[in-house]
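S.K.: What follows is structure-v8.pdb; its format and atoms are PDB, C-alpha atoms.
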```
ATOM      1  CA  MET A 163     -29.991  55.740  17.377
ATOM      2  CA  GLU A 164     -31.240  54.185  14.147
ATOM      3  CA  THR A 165     -28.019  52.180  13.920
ATOM      4  CA  LEU A 166     -28.515  50.759  17.415
ATOM      5  CA  ARG A 167     -32.155  49.968  16.677
ATOM      6  CA  MET A 168     -31.156  48.037  13.562
ATOM      7  CA  TYR A 169     -28.363  46.230  15.420
ATOM      8  CA  PHE A 170     -30.678  45.031  18.183
ATOM      9  CA  LYS A 171     -33.257  44.021  15.593
ATOM     10  CA  LEU A 172     -30.650  41.837  13.882
ATOM     11  CA  LEU A 173     -29.706  40.325  17.241
ATOM     12  CA  GLY A 174     -33.356  39.572  17.942
ATOM     13  CA  ILE A 175     -33.671  37.732  14.645
ATOM     14  CA  SER A 176     -30.554  35.717  15.434
ATOM     15  CA  LEU A 177     -31.777  34.874  18.939
ATOM     16  CA  ARG A 178     -35.170  33.676  17.674
ATOM     17  CA  SER A 179     -33.370  31.512  15.147
ATOM     18  CA  ARG A 180     -31.158  30.019  17.845
ATOM     19  CA  MET A 181     -34.072  29.323  20.167
ATOM     20  CA  GLN A 182     -35.604  27.017  17.572
ATOM     21  CA  PHE A 183     -33.130  24.438  18.896
ATOM     22  CA  ARG A 184     -33.842  24.499  22.621
ATOM     23  CA  THR A 185     -32.009  21.271  23.442
ATOM     24  CA  ASP A 186     -28.830  22.661  21.905
ATOM     25  CA  PHE A 187     -29.356  25.821  23.965
ATOM     26  CA  PHE A 188     -29.537  24.020  27.314
ATOM     27  CA  VAL A 189     -26.733  21.559  26.495
ATOM     28  CA  GLY A 190     -24.515  24.460  25.487
ATOM     29  CA  MET A 191     -25.311  26.362  28.675
ATOM     30  CA  VAL A 192     -24.563  23.366  30.907
ATOM     31  CA  SER A 193     -21.320  22.616  29.035
ATOM     32  CA  VAL A 194     -20.016  26.154  29.475
ATOM     33  CA  VAL A 195     -20.893  26.188  33.192
ATOM     34  CA  LEU A 196     -19.138  22.857  33.734
ATOM     35  CA  LEU A 197     -16.072  24.048  31.798
ATOM     36  CA  ASN A 198     -15.751  27.125  33.996
ATOM     37  CA  VAL A 199     -16.351  25.153  37.176
ATOM     38  CA  PHE A 200     -13.560  22.796  36.104
ATOM     39  CA  SER A 201     -11.243  25.772  35.486
ATOM     40  CA  LEU A 202     -11.988  27.187  38.927
ATOM     41  CA  ALA A 203     -11.480  23.741  40.475
ATOM     42  CA  THR A 204      -8.077  23.521  38.790
ATOM     43  CA  ILE A 205      -7.127  26.878  40.278
ATOM     44  CA  GLY A 206      -8.282  25.601  43.681
ATOM     45  CA  VAL A 207      -6.106  22.502  43.411
ATOM     46  CA  VAL A 208      -3.050  24.598  42.567
ATOM     47  CA  LEU A 209      -3.691  27.052  45.408
ATOM     48  CA  ASN A 210      -4.297  24.204  47.843
ATOM     49  CA  GLN A 211      -0.697  23.162  47.280
ATOM     50  CA  PHE A 212       0.908  26.609  47.405
ATOM     51  CA  GLN A 213      -1.606  28.629  49.513
ATOM     52  CA  SER A 214      -0.870  31.709  47.409
ATOM     53  CA  LEU A 215       0.664  32.642  44.062
ATOM     54  CA  ALA A 216       2.800  35.764  43.759
ATOM     55  CA  GLY A 217       1.080  37.093  46.875
ATOM     56  CA  TRP A 218      -2.464  36.386  45.652
ATOM     57  CA  SER A 219      -4.761  34.219  47.771
ATOM     58  CA  ILE A 220      -7.208  31.716  46.323
ATOM     59  CA  TRP A 221     -10.195  34.073  46.652
ATOM     60  CA  GLU A 222      -8.298  36.942  45.087
ATOM     61  CA  ILE A 223      -7.556  34.696  42.119
ATOM     62  CA  VAL A 224     -11.220  33.672  41.951
ATOM     63  CA  PHE A 225     -12.014  37.394  41.844
ATOM     64  CA  LEU A 226      -9.408  37.849  39.094
ATOM     65  CA  TYR A 227     -10.901  35.017  37.029
ATOM     66  CA  SER A 228     -14.480  36.203  37.598
ATOM     67  CA  LEU A 229     -13.609  39.754  36.545
ATOM     68  CA  TRP A 230     -12.314  38.419  33.259
ATOM     69  CA  MET A 231     -15.319  36.149  32.898
ATOM     70  CA  LEU A 232     -17.775  39.050  33.236
ATOM     71  CA  GLY A 233     -16.196  40.984  30.379
ATOM     72  CA  HIS A 234     -15.653  37.831  28.361
ATOM     73  CA  SER A 235     -19.310  36.856  28.743
ATOM     74  CA  LEU A 236     -20.389  40.028  26.921
ATOM     75  CA  PHE A 237     -17.841  39.370  24.190
ATOM     76  CA  SER A 238     -18.907  35.738  23.951
ATOM     77  CA  LEU A 239     -22.578  36.660  23.756
ATOM     78  CA  LEU A 240     -22.291  39.341  21.074
ATOM     79  CA  PHE A 241     -19.001  38.970  19.200
ATOM     80  CA  TRP A 242     -17.823  35.364  19.382
ATOM     81  CA  HIS A 243     -18.648  34.767  15.716
ATOM     82  CA  MET A 244     -15.970  37.190  14.496
ATOM     83  CA  GLU A 245     -13.608  34.271  14.046
ATOM     84  CA  ASP A 246     -15.981  33.064  11.307
ATOM     85  CA  LEU A 247     -15.129  36.059   9.111
ATOM     86  CA  GLU A 248     -12.681  34.000   7.077
ATOM     87  CA  PHE A 249     -15.448  31.590   6.073
ATOM     88  CA  TYR A 250     -17.637  34.455   4.836
ATOM     89  CA  LEU A 251     -14.714  35.683   2.734
ATOM     90  CA  ILE A 252     -13.678  32.283   1.366
ATOM     91  CA  GLN A 253     -17.222  31.237   0.469
ATOM     92  CA  GLY A 254     -18.050  34.618  -1.029
ATOM     93  CA  THR A 255     -21.030  35.130   1.273
ATOM     94  CA  PHE A 256     -19.499  38.330   2.631
ATOM     95  CA  ASP A 257     -20.685  39.983  -0.596
ATOM     96  CA  MET A 258     -24.276  39.927   0.662
ATOM     97  CA  PHE A 259     -23.311  42.477   3.319
ATOM     98  CA  LEU A 260     -22.094  44.857   0.618
ATOM     99  CA  VAL A 261     -25.228  44.954  -1.532
ATOM    100  CA  ARG A 262     -27.613  45.905   1.272
ATOM    101  CA  PRO A 263     -28.251  49.537   2.304
ATOM    102  CA  ILE A 264     -26.909  48.875   5.805
ATOM    103  CA  SER A 265     -23.363  49.030   7.144
ATOM    104  CA  PRO A 266     -21.551  45.751   6.333
ATOM    105  CA  PHE A 267     -19.935  45.910   9.757
ATOM    106  CA  LEU A 268     -23.298  46.247  11.491
ATOM    107  CA  GLN A 269     -24.730  43.340   9.505
ATOM    108  CA  PHE A 270     -21.752  41.151  10.363
ATOM    109  CA  LEU A 271     -21.923  41.972  14.082
ATOM    110  CA  GLY A 272     -25.646  41.289  14.231
ATOM    111  CA  ARG A 273     -25.399  38.082  12.253
ATOM    112  CA  GLU A 274     -25.007  35.759  15.247
ATOM    113  CA  ILE A 275     -25.627  35.700  18.972
ATOM    114  CA  ASN A 276     -23.854  33.126  21.107
ATOM    115  CA  TYR A 277     -26.317  32.366  23.880
ATOM    116  CA  THR A 278     -23.724  30.374  25.838
ATOM    117  CA  GLY A 279     -22.364  33.788  26.793
ATOM    118  CA  VAL A 280     -25.240  33.833  29.282
ATOM    119  CA  ALA A 281     -23.651  30.839  31.023
ATOM    120  CA  ASP A 282     -20.332  32.695  31.191
ATOM    121  CA  LEU A 283     -22.168  35.649  32.722
ATOM    122  CA  LEU A 284     -23.794  33.461  35.384
ATOM    123  CA  VAL A 285     -20.441  31.928  36.313
ATOM    124  CA  GLY A 286     -18.809  35.367  36.440
ATOM    125  CA  VAL A 287     -21.515  36.837  38.679
ATOM    126  CA  ALA A 288     -21.509  33.823  41.006
ATOM    127  CA  GLY A 289     -17.718  33.726  41.246
ATOM    128  CA  MET A 290     -17.516  37.462  41.878
ATOM    129  CA  ALA A 291     -20.200  37.340  44.585
ATOM    130  CA  VAL A 292     -18.542  34.439  46.430
ATOM    131  CA  ALA A 293     -15.054  35.984  46.164
ATOM    132  CA  LEU A 294     -16.233  39.356  47.483
ATOM    133  CA  GLY A 295     -18.007  37.632  50.349
ATOM    134  CA  GLN A 296     -14.926  35.635  51.295
ATOM    135  CA  LEU A 297     -12.627  38.649  51.001
ATOM    136  CA  ASN A 298     -15.056  40.849  52.959
ATOM    137  CA  ILE A 299     -14.609  43.721  50.510
ATOM    138  CA  HIS A 300     -16.907  46.727  50.609
ATOM    139  CA  TRP A 301     -16.613  49.327  47.864
ATOM    140  CA  ASN A 302     -17.818  52.886  47.689
ATOM    141  CA  ALA A 303     -19.886  54.130  44.737
ATOM    142  CA  ALA A 304     -16.812  55.186  42.752
ATOM    143  CA  GLN A 305     -15.172  51.761  43.097
ATOM    144  CA  ALA A 306     -18.405  49.954  42.178
ATOM    145  CA  GLY A 307     -18.773  52.243  39.168
ATOM    146  CA  TYR A 308     -15.197  51.517  38.130
ATOM    147  CA  LEU A 309     -15.962  47.790  38.277
ATOM    148  CA  VAL A 310     -18.761  48.278  35.726
ATOM    149  CA  VAL A 311     -16.482  50.379  33.508
ATOM    150  CA  VAL A 312     -13.746  47.739  33.707
ATOM    151  CA  ILE A 313     -16.150  44.964  32.712
ATOM    152  CA  LEU A 314     -17.213  46.922  29.623
ATOM    153  CA  ALA A 315     -13.591  47.818  28.884
ATOM    154  CA  GLY A 316     -12.599  44.155  29.117
ATOM    155  CA  CYS A 317     -15.250  43.251  26.561
ATOM    156  CA  LEU A 318     -14.064  46.017  24.200
ATOM    157  CA  ILE A 319     -10.399  45.036  24.574
ATOM    158  CA  GLU A 320     -11.162  41.423  23.658
ATOM    159  CA  PHE A 321     -13.449  42.573  20.852
ATOM    160  CA  SER A 322     -10.867  44.968  19.376
ATOM    161  CA  ILE A 323      -8.006  42.466  19.459
ATOM    162  CA  THR A 324     -10.193  39.788  17.878
ATOM    163  CA  LEU A 325     -11.451  42.143  15.158
ATOM    164  CA  CYS A 326      -7.903  43.146  14.237
ATOM    165  CA  LEU A 327      -6.911  39.496  13.969
ATOM    166  CA  ALA A 328     -10.079  38.604  12.024
ATOM    167  CA  CYS A 329      -9.253  41.273   9.443
ATOM    168  CA  ILE A 330      -6.080  39.369   8.554
ATOM    169  CA  ALA A 331      -8.378  37.182   6.451
ATOM    170  CA  PHE A 332      -8.943  40.075   4.021
ATOM    171  CA  TRP A 333      -5.288  39.781   3.021
ATOM    172  CA  THR A 334      -4.446  36.116   3.633
ATOM    173  CA  GLY A 335      -7.813  34.362   3.434
ATOM    174  CA  ARG A 336      -7.295  32.857   6.893
ATOM    175  CA  SER A 337      -7.481  34.270  10.395
ATOM    176  CA  ALA A 338      -9.239  31.758  12.686
ATOM    177  CA  SER A 339      -5.973  30.063  13.699
ATOM    178  CA  SER A 340      -4.458  33.403  14.750
ATOM    179  CA  ILE A 341      -7.564  34.253  16.770
ATOM    180  CA  ASN A 342      -7.616  30.847  18.473
ATOM    181  CA  THR A 343      -3.914  31.088  19.352
ATOM    182  CA  VAL A 344      -4.274  34.517  20.950
ATOM    183  CA  MET A 345      -7.443  33.429  22.769
ATOM    184  CA  GLN A 346      -5.680  30.433  24.250
ATOM    185  CA  VAL A 347      -2.754  32.578  25.392
ATOM    186  CA  SER A 348      -5.210  35.096  26.847
ATOM    187  CA  PHE A 349      -7.101  32.328  28.662
ATOM    188  CA  VAL A 350      -3.887  31.160  30.321
ATOM    189  CA  ILE A 351      -3.048  34.715  31.377
ATOM    190  CA  GLN A 352      -6.492  35.449  32.809
ATOM    191  CA  ARG A 353      -6.486  32.456  35.152
ATOM    192  CA  TYR A 354      -3.551  33.630  37.263
ATOM    193  CA  PRO A 355      -1.912  36.943  38.230
ATOM    194  CA  VAL A 356       0.587  38.164  35.647
ATOM    195  CA  ASP A 357       3.187  38.561  38.428
ATOM    196  CA  MET A 358       3.846  34.840  38.483
ATOM    197  CA  TYR A 359       4.854  34.642  34.803
ATOM    198  CA  GLY A 360       7.933  36.858  35.017
ATOM    199  CA  THR A 361       8.923  40.290  33.699
ATOM    200  CA  TRP A 362       9.072  39.528  29.987
ATOM    201  CA  PHE A 363       5.672  37.885  29.976
ATOM    202  CA  ARG A 364       4.276  40.825  31.904
ATOM    203  CA  VAL A 365       5.630  43.183  29.243
ATOM    204  CA  PHE A 366       4.048  41.003  26.527
ATOM    205  CA  ALA A 367       0.622  41.014  28.239
ATOM    206  CA  THR A 368       0.861  44.763  28.839
ATOM    207  CA  CYS A 369       2.393  46.179  25.657
ATOM    208  CA  VAL A 370       2.180  43.596  22.853
ATOM    209  CA  VAL A 371      -1.199  41.926  23.388
ATOM    210  CA  PRO A 372      -2.562  44.051  26.274
ATOM    211  CA  VAL A 373      -4.910  41.487  27.794
ATOM    212  CA  ALA A 374      -3.576  42.213  31.276
ATOM    213  CA  PHE A 375      -5.785  45.313  31.219
ATOM    214  CA  ILE A 376      -8.879  43.104  31.043
ATOM    215  CA  ASN A 377      -8.588  41.901  34.615
ATOM    216  CA  TYR A 378      -5.106  41.917  36.178
ATOM    217  CA  TYR A 379      -4.391  45.638  36.475
ATOM    218  CA  PRO A 380      -7.919  46.727  37.452
ATOM    219  CA  ALA A 381      -8.123  43.819  39.927
ATOM    220  CA  ARG A 382      -5.023  45.122  41.693
ATOM    221  CA  LEU A 383      -6.801  48.430  42.235
ATOM    222  CA  LEU A 384     -10.150  46.945  43.234
ATOM    223  CA  LEU A 385      -8.510  44.540  45.687
ATOM    224  CA  GLY A 386      -6.410  47.261  47.289
ATOM    225  CA  LYS A 387      -3.104  45.893  46.023
ATOM    226  CA  VAL A 388      -1.939  49.231  44.604
ATOM    227  CA  THR A 389       0.202  50.871  47.282
ATOM    228  CA  PRO A 390       1.917  54.294  47.353
ATOM    229  CA  GLY A 391       5.146  54.161  45.389
ATOM    230  CA  ASP A 392       4.070  51.117  43.370
ATOM    231  CA  PRO A 393       5.820  51.530  39.971
ATOM    232  CA  TRP A 394       3.030  49.608  38.250
ATOM    233  CA  GLY A 395       0.165  51.261  40.116
ATOM    234  CA  TRP A 396      -0.758  53.814  37.441
ATOM    235  CA  LEU A 397      -1.489  51.005  34.960
ATOM    236  CA  SER A 398      -4.498  49.966  37.053
ATOM    237  CA  TYR A 399      -6.357  53.091  35.911
ATOM    238  CA  LEU A 400      -5.745  52.636  32.194
ATOM    239  CA  SER A 401      -8.172  49.858  31.190
ATOM    240  CA  PRO A 402     -10.823  52.254  29.785
ATOM    241  CA  ALA A 403      -8.185  54.232  27.865
ATOM    242  CA  VAL A 404      -6.615  51.048  26.472
ATOM    243  CA  ALA A 405     -10.069  49.831  25.390
ATOM    244  CA  LEU A 406     -10.804  53.070  23.514
ATOM    245  CA  ALA A 407      -7.359  53.109  21.882
ATOM    246  CA  LEU A 408      -7.726  49.514  20.706
ATOM    247  CA  LEU A 409     -11.268  50.193  19.501
ATOM    248  CA  TYR A 410      -9.978  53.064  17.376
ATOM    249  CA  LEU A 411      -7.180  50.876  16.016
ATOM    250  CA  ALA A 412      -9.635  48.090  15.175
ATOM    251  CA  SER A 413     -11.924  50.519  13.353
ATOM    252  CA  ARG A 414      -9.002  51.741  11.219
ATOM    253  CA  VAL A 415      -7.934  48.194  10.428
ATOM    254  CA  TRP A 416     -11.499  47.263   9.424
ATOM    255  CA  LYS A 417     -11.891  50.303   7.152
ATOM    256  CA  ARG A 418      -8.607  49.600   5.428
ATOM    257  CA  ALA A 419      -9.451  45.922   5.012
ATOM    258  CA  ILE A 420     -12.921  46.569   3.604
ATOM    259  CA  ARG A 421     -11.523  49.062   1.052
ATOM    260  CA  GLN A 422      -9.221  46.503  -0.480
ATOM    261  CA  TYR A 423     -11.756  43.643  -0.473
ATOM    262  CA  SER A 424     -12.334  42.255  -3.978
ATOM    263  CA  SER A 425     -14.695  39.317  -3.227
ATOM    264  CA  ALA A 426     -13.889  35.622  -3.431
ATOM    265  CA  GLY A 427     -13.946  35.672  -7.203
ATOM    266  CA  GLY A 428     -11.285  38.376  -7.400
TER
END
```
Any chance you could give the structure as C-alpha cells?
M.R.:
Amino acid sequence: METLRMYFKLLGISLRSRMQFRTDFFVGMVSVVLLNVFSLATIGVVLNQFQSLAGWSIWEIVFLYSLWMLGHSLFSLLFWHMEDLEFYLIQGTFDMFLVRPISPFLQFLGREINYTGVADLLVGVAGMAVALGQLNIHWNAAQAGYLVVVILAGCLIEFSITLCLACIAFWTGRSASSINTVMQVSFVIQRYPVDMYGTWFRVFATCVVPVAFINYYPARLLLGKVTPGDPWGWLSYLSPAVALALLYLASRVWKRAIRQYSSAGG
C-alpha cells in the first residue's frame, strides 16, 4: 500500500509539472486525436474497397482497433517514457534512482506521465461505443468483465514487452531503436485482423512477440467469432495469462539488468 501511495505521489508531481505548459497539453491532445482519426479513416478507405478483410467487417475492425487503443492509452499515459531509459543510463542520471531510499524501478515509473494518453483513451472509448452500436452487440456481465480484464492485460503486455526491450540498454547502452521498431510492427498488427497477414505472421504475433493477445484473440471471443471446433479458439481466453507471464519475465529481466549496472562512469 505504501508503494502504491508513493507511486501515485510521484505521478502527481509529474502531472503538476506537465500542466505548467497548458498550450503544449492541448496541442498534444489534439494531435493524438487527429492521428487516430486519420488511422481510422485509412481503415475505412481500405474497407470501402474490399467490404471486408479476412471475414471482418469495417465495424468489427473499428472494434479491434479501439480495443487495442484502450489498453494502449493506459500504457501511453503511465509507461510511455520507458524508451527514455537509455538516456538515463548514458547520461549517468540513472544513478540518482539508486541513492534514494525508494525502489529505483518505482522512481523510474513515476518519473513521467504522458498526458496525451488521455486523448488515446477518448478515441478508444468513442470508437468502441460507435462500433458496439453499429454491431448491435449486447454482452452479459461476464463478457463485460472480460472486456475490462482484456484492456488491463493489453496494457500489461505492451508494458512488459517494452520493459524487456528497454533493459537491453543496460548491456548495449541503446534500446530506443529496438522499442520503436517493435512498436511500429505492433501498430501495423493492431490495425487489422491477424488472419489477413498469413500463417507465419500469425505465429510471429502469437509466439514471438505476442501482441495478438492485446486485441485480436480477445476480440474474436467478444465478437462471437469463436465457434465450436475452432482450432484457434482457446487462444482467445489466454490474454490475462500471457500478460502475467510476460510481467514475470520482465521483472526477472529488470532484476538481472539492475544487478549488473555499473553506472555511466564504469
S.K.: Could you give me, as a list in words, the residues within 7 Å of stretch 346-357 of chain A, counting all atoms listed in the file and dropping anything in the same chain fewer than 6 positions from it?
M.R.: Ala216, Ile223, Tyr227, Trp230, Arg364, Val373 and Tyr378 of chain A
S.K.: Residues around (-10.8, 40.4, 49.6), cut-off 12 Å, counting only C-alpha atoms - what are they as a list in words?
M.R.: Trp218, Ser219, Ile220, Trp221, Glu222, Ile223, Val224, Phe225, Leu226, Met290, Ala291, Val292, Ala293, Leu294, Gly295, Gln296, Leu297, Asn298, Ile299, His300, Trp301, Ala381, Arg382, Leu383, Leu384, Leu385, Gly386 and Lys387 of chain A
S.K.: Of the candidates A:Phe249, A:Ala281, A:Cys317, A:Leu229, which one gets nearest to A:Tyr379 if we count only C-alpha atoms?
M.R.: A:Leu229
S.K.: Of the candidates A:Thr334, A:Ser238, A:Ser398, A:Ser340, which one gets nearest to A:Ala419 if we count only C-alpha atoms?
M.R.: A:Thr334
S.K.: Give me, as a list in words, all polymer residues having an atom no more than 9 Å from A:Met244, counting all atoms listed in the file and skipping those fewer than 3 positions away in the same chain.
M.R.: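 That gives Phe241, Leu247, Glu248, Phe270, Leu271, Phe321, Thr324, Leu325, Ala328 and Ala338 of chain A.
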S.K.: Just the number, please: distance in Å from atom CA of A:Phe267 to atom CA of A:Val370, one decimal.
M.R.: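 So the answer is 25.8 Å.
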S.K.: What does the PyMOL selection byres ((chain A and resi 313) around 9) select in this file, as a list in words?
M.R.: Leu229, Trp230, Met231, Leu232, Gly233, His234, Leu236, Tyr308, Leu309, Val310, Val311, Val312, Leu314, Ala315, Gly316, Cys317, Leu318, Ile376 and Asn377 of chain A
S.K.: Write the residues you've just listed into a file as a compact mmCIF listing (two decimals), in the coordinates of the input, and include C-alpha atoms for each of them.
M.R.:
```
# COMPACT_ATOMS: atom_id res chain seq x y z
CA LEU A 229 -13.61 39.75 36.54
CA TRP A 230 -12.31 38.42 33.26
CA MET A 231 -15.32 36.15 32.90
CA LEU A 232 -17.77 39.05 33.24
CA GLY A 233 -16.20 40.98 30.38
CA HIS A 234 -15.65 37.83 28.36
CA LEU A 236 -20.39 40.03 26.92
CA TYR A 308 -15.20 51.52 38.13
CA LEU A 309 -15.96 47.79 38.28
CA VAL A 310 -18.76 48.28 35.73
CA VAL A 311 -16.48 50.38 33.51
CA VAL A 312 -13.75 47.74 33.71
CA LEU A 314 -17.21 46.92 29.62
CA ALA A 315 -13.59 47.82 28.88
CA GLY A 316 -12.60 44.16 29.12
CA CYS A 317 -15.25 43.25 26.56
CA LEU A 318 -14.06 46.02 24.20
CA ILE A 376 -8.88 43.10 31.04
CA ASN A 377 -8.59 41.90 34.62
```
S.K.: Distance atom CA of A:Ala288-atom CA of A:Ala374, one decimal place?
M.R.: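 Atom-to-atom, atom CA of A:Ala288 to atom CA of A:Ala374, that is 22.1 Å.
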